[in-house]
>>> print(open('start-v1.cif').read())   # mmCIF, C-alpha atoms
data_target
loop_
_atom_site.label_atom_id
_atom_site.label_comp_id
_atom_site.auth_asym_id
_atom_site.auth_seq_id
_atom_site.Cartn_x
_atom_site.Cartn_y
_atom_site.Cartn_z
CA MET A 1 82.61 146.37 206.44
CA ASP A 2 80.85 148.91 208.62
CA PRO A 3 77.64 147.26 209.97
CA THR A 4 75.62 150.43 209.35
CA LEU A 5 76.59 150.44 205.67
CA LEU A 6 75.80 146.74 205.45
CA GLU A 7 72.28 147.52 206.71
CA HIS A 8 71.93 150.26 204.07
CA ALA A 9 73.01 147.77 201.39
CA ARG A 10 70.47 145.21 202.62
CA ALA A 11 67.72 147.84 202.42
CA ALA A 12 68.62 149.01 198.90
CA ILE A 13 66.76 147.84 195.82
CA GLY A 14 68.89 145.30 194.00
CA PHE A 15 69.62 141.64 193.54
CA MET A 16 73.07 141.20 195.14
CA PRO A 17 73.15 138.80 198.11
CA ASP A 18 75.06 139.90 201.23
CA GLU A 19 77.94 137.46 200.73
CA GLU A 20 78.52 138.67 197.15
CA GLY A 21 78.37 142.29 198.29
CA VAL A 22 80.87 141.68 201.08
CA ALA A 23 83.17 139.87 198.61
CA LEU A 24 82.88 142.88 196.26
CA HIS A 25 83.70 145.20 199.16
CA ASP A 26 86.75 143.11 200.10
CA ALA A 27 87.99 143.05 196.48
CA GLY A 28 87.46 146.79 196.23
CA ARG A 29 89.28 147.42 199.49
CA ALA A 30 92.25 145.33 198.28
CA ALA A 31 92.34 147.34 195.02
CA THR A 32 92.28 150.84 196.53
CA PRO A 33 96.07 151.18 196.75
CA VAL A 34 96.20 150.73 192.95
CA GLY A 35 93.56 153.33 192.04
CA PRO A 36 89.90 154.30 192.20
CA LEU A 37 87.11 151.75 191.78
CA LEU A 38 84.58 151.72 188.96
CA GLU A 39 81.38 149.81 188.43
CA ILE A 40 79.39 149.56 185.25
CA GLY A 41 75.71 149.08 185.96
CA THR A 42 74.60 151.01 189.01
CA TYR A 43 70.86 150.28 188.98
CA CYS A 44 69.64 151.68 192.33
CA GLY A 45 72.99 151.75 194.13
CA LYS A 46 73.20 148.53 196.15
CA SER A 47 76.64 147.50 194.84
CA ALA A 48 77.76 151.14 194.98
CA ILE A 49 77.34 151.01 198.76
CA TYR A 50 79.79 148.10 198.99
CA LEU A 51 82.26 149.79 196.64
CA GLY A 52 81.78 153.19 198.28
CA ALA A 53 82.55 151.73 201.71
CA ALA A 54 85.70 150.13 200.26
CA ALA A 55 86.72 153.38 198.57
CA ARG A 56 86.26 155.36 201.78
CA ALA A 57 88.30 152.84 203.78
CA GLY A 58 91.06 153.01 201.15
CA GLY A 59 91.09 156.78 200.71
CA THR A 60 89.84 156.87 197.13
CA VAL A 61 86.52 157.10 195.24
CA ALA A 62 84.14 154.71 193.51
CA TYR A 63 82.78 155.77 190.13
CA THR A 64 79.49 154.35 188.88
CA VAL A 65 78.63 154.39 185.18
CA ASP A 66 75.03 153.83 184.13
CA HIS A 67 72.45 155.33 181.77
CA HIS A 68 69.84 154.59 184.47
CA ARG A 69 67.25 153.27 182.00
CA GLY A 70 67.66 149.64 183.07
CA SER A 71 68.96 146.54 181.35
CA GLU A 72 66.83 144.43 179.05
CA GLU A 73 65.55 142.30 181.95
CA ASN A 74 64.32 145.41 183.81
CA GLN A 75 61.97 146.53 181.04
CA PRO A 76 58.17 146.13 181.13
CA GLY A 77 57.07 142.55 180.52
CA TRP A 78 60.35 141.05 181.78
CA VAL A 79 60.77 139.13 185.03
CA TRP A 80 62.90 141.78 186.83
CA HIS A 81 60.72 144.77 185.97
CA ASP A 82 59.87 146.93 188.99
CA GLU A 83 57.01 149.35 188.33
CA ARG A 84 58.20 151.64 191.18
CA LEU A 85 61.21 152.58 189.04
CA VAL A 86 59.13 153.97 186.15
CA ASP A 87 59.06 157.77 185.90
CA PRO A 88 55.35 158.69 185.66
CA ALA A 89 56.18 161.80 183.62
CA THR A 90 58.00 159.89 180.86
CA GLY A 91 56.76 156.31 181.26
CA ARG A 92 60.40 155.18 181.09
CA LEU A 93 62.48 153.35 183.65
CA ASP A 94 64.60 155.83 185.62
CA THR A 95 66.77 154.44 188.42
CA LEU A 96 68.79 157.64 188.96
CA PRO A 97 66.53 159.14 191.67
CA TRP A 98 66.57 155.81 193.55
CA PHE A 99 70.36 155.62 193.25
CA ARG A 100 70.78 159.17 194.57
CA ARG A 101 68.56 158.46 197.58
CA THR A 102 70.39 155.20 198.30
CA ILE A 103 73.83 156.83 198.29
CA ALA A 104 72.64 159.83 200.33
CA ALA A 105 71.00 157.59 202.96
CA ALA A 106 74.23 155.59 203.25
CA GLY A 107 76.25 158.80 203.71
CA LEU A 108 78.50 158.01 200.75
CA GLU A 109 77.98 161.06 198.51
CA ASP A 110 81.57 162.17 199.14
CA VAL A 111 83.10 158.94 197.79
CA VAL A 112 80.60 157.62 195.21
CA VAL A 113 80.68 159.57 191.95
CA ALA A 114 77.83 158.96 189.51
CA VAL A 115 78.61 159.17 185.82
CA VAL A 116 75.35 159.11 183.89
CA GLY A 117 75.78 157.87 180.35
CA ASP A 118 76.23 154.97 178.00
CA SER A 119 79.11 152.76 179.19
CA PRO A 120 80.96 152.39 175.85
CA THR A 121 80.68 156.13 175.19
CA VAL A 122 82.03 157.06 178.63
CA GLY A 123 84.72 154.39 178.39
CA ARG A 124 86.04 155.67 175.07
CA HIS A 125 86.79 158.99 176.74
CA TRP A 126 88.00 157.70 180.13
CA ALA A 127 91.58 158.51 181.17
CA THR A 128 91.94 157.51 184.84
CA PRO A 129 93.67 154.17 185.57
CA LEU A 130 91.48 151.97 187.77
CA GLY A 131 92.24 149.76 190.73
CA LEU A 132 89.10 147.69 190.22
CA LEU A 133 86.56 147.32 187.44
CA PHE A 134 83.22 145.69 188.27
CA ILE A 135 81.12 144.96 185.18
CA ASP A 136 77.45 144.47 186.04
CA GLY A 137 75.56 146.44 183.40
CA GLY A 138 73.56 144.82 180.63
CA HIS A 139 73.65 141.04 180.90
CA ALA A 140 73.29 140.14 177.23
CA TYR A 141 76.55 138.64 175.94
CA GLU A 142 77.17 141.40 173.39
CA VAL A 143 76.58 144.16 175.94
CA ALA A 144 78.83 142.60 178.60
CA LEU A 145 81.54 141.92 176.01
CA ALA A 146 81.40 145.54 174.80
CA ASP A 147 81.82 146.72 178.41
CA TYR A 148 84.80 144.42 178.88
CA VAL A 149 86.49 145.40 175.61
CA THR A 150 85.94 149.09 176.33
CA TRP A 151 86.93 149.16 180.00
CA ALA A 152 89.53 146.43 180.59
CA PRO A 153 92.36 148.55 179.13
CA HIS A 154 91.69 151.14 181.87
CA VAL A 155 92.59 148.74 184.70
CA ALA A 156 96.00 149.71 186.08
CA PRO A 157 98.76 147.12 186.42
CA GLY A 158 98.12 145.26 189.67
CA GLY A 159 94.42 146.20 189.56
#
>>> encode(input="start-v1.cif", output="structure tokens")
Amino acid sequence: MDPTLLEHARAAIGFMPDEEGVALHDAGRAATPVGPLLEIGTYCGKSAIYLGAAARAGGTVAYTVDHHRGSEENQPGWVWHDERLVDPATGRLDTLPWFRRTIAAAGLEDVVVAVVGDSPTVGRHWATPLGLLFIDGGHAYEVALADYVTWAPHVAPGG
């Protein structure tokens, strides 16, 4: 992985350790001949840097699907809540501006495509076969299972 992009990933808000991010990048890079990459759960864009770098190297794109309102553990009163991510105008968590800045700073706007919406809703209308699916949205069992049931059929053979 490009060392400059690795530095951008390290600087991004998120919880993914370097070794997991590099492993995600390597898996994404191996999947690019099959089709584009897609992650569910973008948060502020840390994992999107790893997938975006893989997509660029493989000549494809990385889609990110997120409603940008945070998972249950990101809400006020929970351990992973970050007050910086609250929109002062609405009082609600809003990670989209942070994501956009992260991807722009990393120079990946041409290969990382943000899809803002509810994962099951977007997935029901998705038509592009995927080379890699990375599910990292809501972490409650029911939410993760719904993402899997909705999106797994979109993974292309060999993906």
>>> closest_residue(input="start-v1.cif", among="A:Ile40, A:Ala23, A:Ala48, A:Val115", to="Thr102 (chain A)", atoms="only C-alpha atoms")
A:Ala48
>>> residues_near_point(input="start-v1.cif", point="(85.0, 146.9, 174.1)", cutoff="12 Å", atoms="all atoms listed in the file", output="ChimeraX atom specification")
/A:119-124,135,141-154
>>> resolve_selection(input="start-v1.cif", expression="the PyMOL selection byres ((chain A and resi 105) around 12)", output="list in words")
Thr4, Leu5, Glu7, His8, Ala9, Ala11, Ala12, Gly45, Lys46, Ile49, Trp98, Phe99, Arg100, Arg101, Thr102, Ile103, Ala104, Ala106, Gly107, Leu108 and Glu109 of chain A
>>> closest_residue(input="start-v1.cif", among="A:Ala27, A:Leu6, A:Leu37, A:Val65", to="Ala156 (chain A)", atoms="all atoms listed in the file")
A:Leu37
>>> residues_around(input="start-v1.cif", residues="His25 (chain A)", least_positions_apart="4", cutoff="9 Å", atoms="all atoms listed in the file", output="list in words")
Met1, Glu20, Gly21, Arg29, Ala30, Ser47, Ile49, Tyr50, Leu51, Gly52, Ala53, Ala54 and Ala55 of chain A
>>> build_atoms(input="start-v1.cif", residues="region 19-33 of chain A", atoms="N, CA, C and O atoms", output="compact mmCIF listing (two decimals), keeping the file's coordinate frame")
# COMPACT_ATOMS: atom_id res chain seq x y z
N GLU A 19 76.60 138.04 200.84
CA GLU A 19 77.94 137.46 200.73
C GLU A 19 78.65 137.93 199.46
O GLU A 19 79.85 138.14 199.47
N GLU A 20 77.90 138.14 198.37
CA GLU A 20 78.52 138.67 197.15
C GLU A 20 78.92 140.13 197.35
O GLU A 20 79.98 140.57 196.89
N GLY A 21 78.06 140.89 198.03
CA GLY A 21 78.37 142.29 198.29
C GLY A 21 79.60 142.45 199.17
O GLY A 21 80.46 143.29 198.92
N VAL A 22 79.70 141.62 200.20
CA VAL A 22 80.87 141.68 201.08
C VAL A 22 82.13 141.27 200.31
O VAL A 22 83.20 141.87 200.48
N ALA A 23 82.02 140.27 199.43
CA ALA A 23 83.17 139.87 198.61
C ALA A 23 83.57 141.01 197.67
O ALA A 23 84.77 141.27 197.48
N LEU A 24 82.59 141.72 197.11
CA LEU A 24 82.88 142.88 196.26
C LEU A 24 83.58 143.96 197.07
O LEU A 24 84.57 144.55 196.63
N HIS A 25 83.07 144.22 198.27
CA HIS A 25 83.70 145.20 199.16
C HIS A 25 85.16 144.82 199.43
O HIS A 25 86.06 145.66 199.34
N ASP A 26 85.40 143.56 199.77
CA ASP A 26 86.75 143.11 200.10
C ASP A 26 87.68 143.24 198.89
O ASP A 26 88.83 143.67 199.03
N ALA A 27 87.18 142.89 197.70
CA ALA A 27 87.99 143.05 196.48
C ALA A 27 88.28 144.52 196.21
O ALA A 27 89.40 144.89 195.85
N GLY A 28 87.27 145.36 196.41
CA GLY A 28 87.46 146.79 196.23
C GLY A 28 88.47 147.35 197.22
O GLY A 28 89.35 148.14 196.85
N ARG A 29 88.35 146.94 198.45
CA ARG A 29 89.28 147.42 199.49
C ARG A 29 90.71 147.02 199.14
O ARG A 29 91.64 147.82 199.30
N ALA A 30 90.92 145.80 198.65
CA ALA A 30 92.25 145.33 198.28
C ALA A 30 92.80 146.11 197.08
O ALA A 30 94.01 146.25 196.94
N ALA A 31 91.91 146.63 196.23
CA ALA A 31 92.34 147.34 195.02
C ALA A 31 92.59 148.83 195.23
O ALA A 31 93.19 149.48 194.37
N THR A 32 92.16 149.38 196.35
CA THR A 32 92.28 150.84 196.53
C THR A 32 93.71 151.37 196.48
O THR A 32 93.90 152.51 196.03
N PRO A 33 94.73 150.62 196.90
CA PRO A 33 96.07 151.18 196.75
C PRO A 33 96.50 151.37 195.29
O PRO A 33 97.38 152.17 195.00
